[in-house]
>>> print(open('model31.txt').read())   # compact mmCIF, C-alpha atoms
# COMPACT_ATOMS: atom_id res chain seq x y z
CA MET A 1 -32.84 82.05 70.15
CA LEU A 2 -31.75 85.65 69.81
CA SER A 3 -28.72 87.41 68.38
CA PHE A 4 -27.92 90.96 69.43
CA GLY A 5 -25.28 93.69 69.49
CA TYR A 6 -23.84 94.77 72.82
CA LYS A 7 -23.64 98.37 71.56
CA PHE A 8 -27.48 98.36 71.51
CA GLY A 9 -27.88 96.80 74.96
CA ILE A 10 -28.30 93.36 76.44
CA PRO A 11 -31.78 91.86 75.92
CA LEU A 12 -33.61 91.99 79.22
CA ASP A 13 -35.73 88.90 78.61
CA ALA A 14 -32.82 86.52 77.94
CA ASP A 15 -32.37 83.48 80.17
CA LEU A 16 -28.84 82.71 78.96
CA VAL A 17 -26.51 85.32 77.47
CA ILE A 18 -23.30 84.33 75.71
CA ASP A 19 -20.70 86.81 74.44
CA VAL A 20 -18.87 85.89 71.20
CA ARG A 21 -16.79 89.07 70.93
CA PHE A 22 -13.71 86.91 71.53
CA LEU A 23 -14.00 85.63 67.94
CA PRO A 24 -12.29 87.45 65.02
CA ASN A 25 -14.62 90.15 63.73
CA PRO A 26 -15.74 89.94 60.07
CA ASN A 27 -16.50 93.66 60.25
CA TYR A 28 -12.78 94.28 59.73
CA VAL A 29 -12.70 92.24 56.52
CA PRO A 30 -13.76 94.70 53.80
CA ILE A 31 -15.56 92.15 51.59
CA LEU A 32 -17.57 90.89 54.59
CA ARG A 33 -18.35 94.19 56.33
CA GLU A 34 -21.68 94.86 54.59
CA LYS A 35 -22.85 91.24 54.76
CA THR A 36 -24.44 89.57 57.78
CA GLY A 37 -23.90 86.33 59.67
CA GLN A 38 -26.68 84.82 57.56
CA SER A 39 -24.58 85.08 54.39
CA PRO A 40 -22.58 81.99 53.41
CA GLU A 41 -19.35 84.02 53.21
CA VAL A 42 -19.61 85.35 56.76
CA LYS A 43 -20.75 81.99 58.14
CA LYS A 44 -17.75 80.32 56.50
CA TYR A 45 -15.37 82.98 57.88
CA VAL A 46 -16.73 82.65 61.43
CA GLN A 47 -17.08 78.86 61.41
CA SER A 48 -13.61 78.30 59.95
CA GLN A 49 -11.95 79.74 63.07
CA LEU A 50 -10.49 77.06 65.36
CA LEU A 51 -11.62 79.17 68.33
CA TYR A 52 -15.20 79.02 67.04
CA THR A 53 -15.05 75.24 66.66
CA GLU A 54 -13.90 74.86 70.27
CA PHE A 55 -16.46 77.35 71.54
CA ILE A 56 -19.42 75.76 69.77
CA LYS A 57 -18.43 72.27 70.94
CA HIS A 58 -18.36 73.40 74.57
CA PHE A 59 -21.45 75.59 74.35
CA LEU A 60 -23.58 72.87 72.74
CA ALA A 61 -22.43 70.44 75.45
CA LEU A 62 -23.55 72.97 78.07
CA ILE A 63 -26.93 73.32 76.36
CA ASP A 64 -27.27 69.52 76.24
CA PHE A 65 -26.79 69.52 80.00
CA LEU A 66 -28.99 72.51 80.81
CA ILE A 67 -32.11 72.05 78.70
CA PRO A 68 -33.25 68.70 80.15
CA ASN A 69 -32.74 70.14 83.63
CA TYR A 70 -34.74 73.28 82.82
CA ILE A 71 -37.51 71.06 81.43
CA LYS A 72 -37.42 68.92 84.57
CA GLU A 73 -37.91 72.05 86.67
CA GLY A 74 -40.97 73.02 84.61
CA LYS A 75 -39.47 75.74 82.42
CA SER A 76 -41.54 75.79 79.23
CA TYR A 77 -39.26 78.06 77.16
CA LEU A 78 -35.68 79.28 77.23
CA THR A 79 -34.32 82.38 75.54
CA ILE A 80 -30.66 82.02 74.58
CA ALA A 81 -29.10 85.31 73.51
CA VAL A 82 -25.81 85.45 71.62
CA GLY A 83 -24.10 88.81 71.44
CA CYS A 84 -21.26 90.44 69.56
CA THR A 85 -20.35 94.09 69.12
CA GLY A 86 -22.92 95.17 66.54
CA GLY A 87 -25.12 92.10 66.27
CA ARG A 88 -24.56 91.68 62.53
CA HIS A 89 -21.89 89.02 62.03
CA ARG A 90 -20.52 86.73 64.76
CA SER A 91 -23.62 86.55 66.97
CA VAL A 92 -25.87 85.92 63.97
CA ALA A 93 -23.67 83.11 62.63
CA ALA A 94 -23.36 81.50 66.08
CA ALA A 95 -27.10 81.82 66.82
CA GLU A 96 -27.90 80.16 63.48
CA THR A 97 -25.60 77.24 64.34
CA ILE A 98 -27.10 76.84 67.81
CA ALA A 99 -30.66 77.06 66.45
CA ASP A 100 -29.89 74.42 63.81
CA TYR A 101 -28.49 72.16 66.50
CA LEU A 102 -31.56 72.59 68.70
CA LYS A 103 -33.85 71.85 65.76
CA TYR A 104 -31.80 68.72 65.04
CA LYS A 105 -32.39 67.69 68.68
CA LYS A 106 -36.15 68.13 68.02
CA TYR A 107 -36.65 71.25 70.14
CA SER A 108 -39.06 73.93 68.95
CA VAL A 109 -36.92 76.92 67.99
CA GLU A 110 -37.66 80.49 67.01
CA ILE A 111 -34.77 82.70 65.99
CA TYR A 112 -34.68 86.48 65.97
CA HIS A 113 -31.73 88.62 64.89
CA ARG A 114 -32.55 91.79 66.78
CA ASP A 115 -29.81 94.08 65.47
CA VAL A 116 -28.85 92.54 62.13
CA GLY A 117 -30.22 95.53 60.20
CA ARG A 118 -28.85 98.24 62.47
CA LYS A 119 -25.76 100.33 61.92
CA ALA A 120 -24.29 102.67 64.46
>>> encode(input="model31.txt", output="structure tokens")
Amino acid sequence: MLSFGYKFGIPLDADLVIDVRFLPNPNYVPILREKTGQSPEVKKYVQSQLLYTEFIKHFLALIDFLIPNYIKEGKSYLTIAVGCTGGRHRSVAAAETIADYLKYKKYSVEIYHRDVGRKA
């Protein structure tokens, strides 16, 4: 599981790449700008959006379909990359949710927030 910022480039080793730039950007909320998607305030902001709720429902259903089929084909690992503009807010919050879901489903999960500390 990987979060990233499109402004720093798409990760080349990702198997699945999902773009969450369609979600409202916490960067434009002054009290959230300096925080990351790991902070409770930013998570709450992102997760409270109806659009996010619909997205995550559909994306987790897609993952539920894909992973068993990847396993059946012999794939031993899968890198899911979630991107937003700078890789600090939306992608981090979404990647955390997806990782938590995968852990709940008993998959081994490693999460890396590639660009969370970067500013451009």
>>> atom_distance(input="model31.txt", atom1="CA of Asp100 in chain A", atom2="CA of Tyr77 in chain A")
16.7 Å
>>> closest_atom_pairs(input="model31.txt", of="range 58-77 of chain A", to="range 18-40 of chain A", cutoff="12 Å", atoms="only C-alpha atoms", output="JSON lines")
{"residue": "A:Phe59", "atom": "CA", "partner": "A:Ile18", "partner_atom": "CA", "distance": 9.0}
{"residue": "A:Leu60", "atom": "CA", "partner": "A:Ile18", "partner_atom": "CA", "distance": 11.8}
{"residue": "A:Leu62", "atom": "CA", "partner": "A:Ile18", "partner_atom": "CA", "distance": 11.6}
{"residue": "A:Ile63", "atom": "CA", "partner": "A:Ile18", "partner_atom": "CA", "distance": 11.6}
>>> residues_around(input="model31.txt", residues="Gly117 in chain A", least_positions_apart="2", cutoff="9 Å", atoms="only C-alpha atoms", output="ChimeraX atom specification")
/A:36,87-88,113-115,119
>>> closest_residue(input="model31.txt", among="A:Tyr107, A:Glu96, A:Arg90, A:Phe4", to="Ile71 in chain A", atoms="only C-alpha atoms")
A:Tyr107
>>> residues_around(input="model31.txt", residues="range 10-14 of chain A", least_positions_apart="4", cutoff="7 Å", atoms="all atoms listed in the file", output="list in words")
Tyr6, Thr79, Ile80 and Ala81 of chain A
>>> closest_residue(input="model31.txt", among="A:Ala95, A:Glu110, A:Met1, A:His89", to="Tyr45 in chain A", atoms="all atoms listed in the file")
A:His89
>>> closest_residue(input="model31.txt", among="A:Ala94, A:Val116, A:Ala99, A:Val17", to="Phe55 in chain A", atoms="all atoms listed in the file")
A:Ala94
>>> atom_distance(input="model31.txt", atom1="CA of Ala61 in chain A", atom2="CA of Tyr104 in chain A")
14.1 Å
>>> atom_distance(input="model31.txt", atom1="CA of Glu54 in chain A", atom2="CA of Ile98 in chain A")
13.6 Å
>>> closest_residue(input="model31.txt", among="A:Ser91, A:Lys105, A:Leu2, A:Arg118", to="Pro68 in chain A", atoms="only C-alpha atoms")
A:Lys105
>>> closest_residue(input="model31.txt", among="A:Thr85, A:Asn69, A:Thr53, A:Gln47", to="Lys7 in chain A", atoms="only C-alpha atoms")
A:Thr85
>>> closest_residue(input="model31.txt", among="A:Ser3, A:Lys106, A:Gly74, A:Gln49", to="Leu16 in chain A", atoms="all atoms listed in the file")
A:Ser3
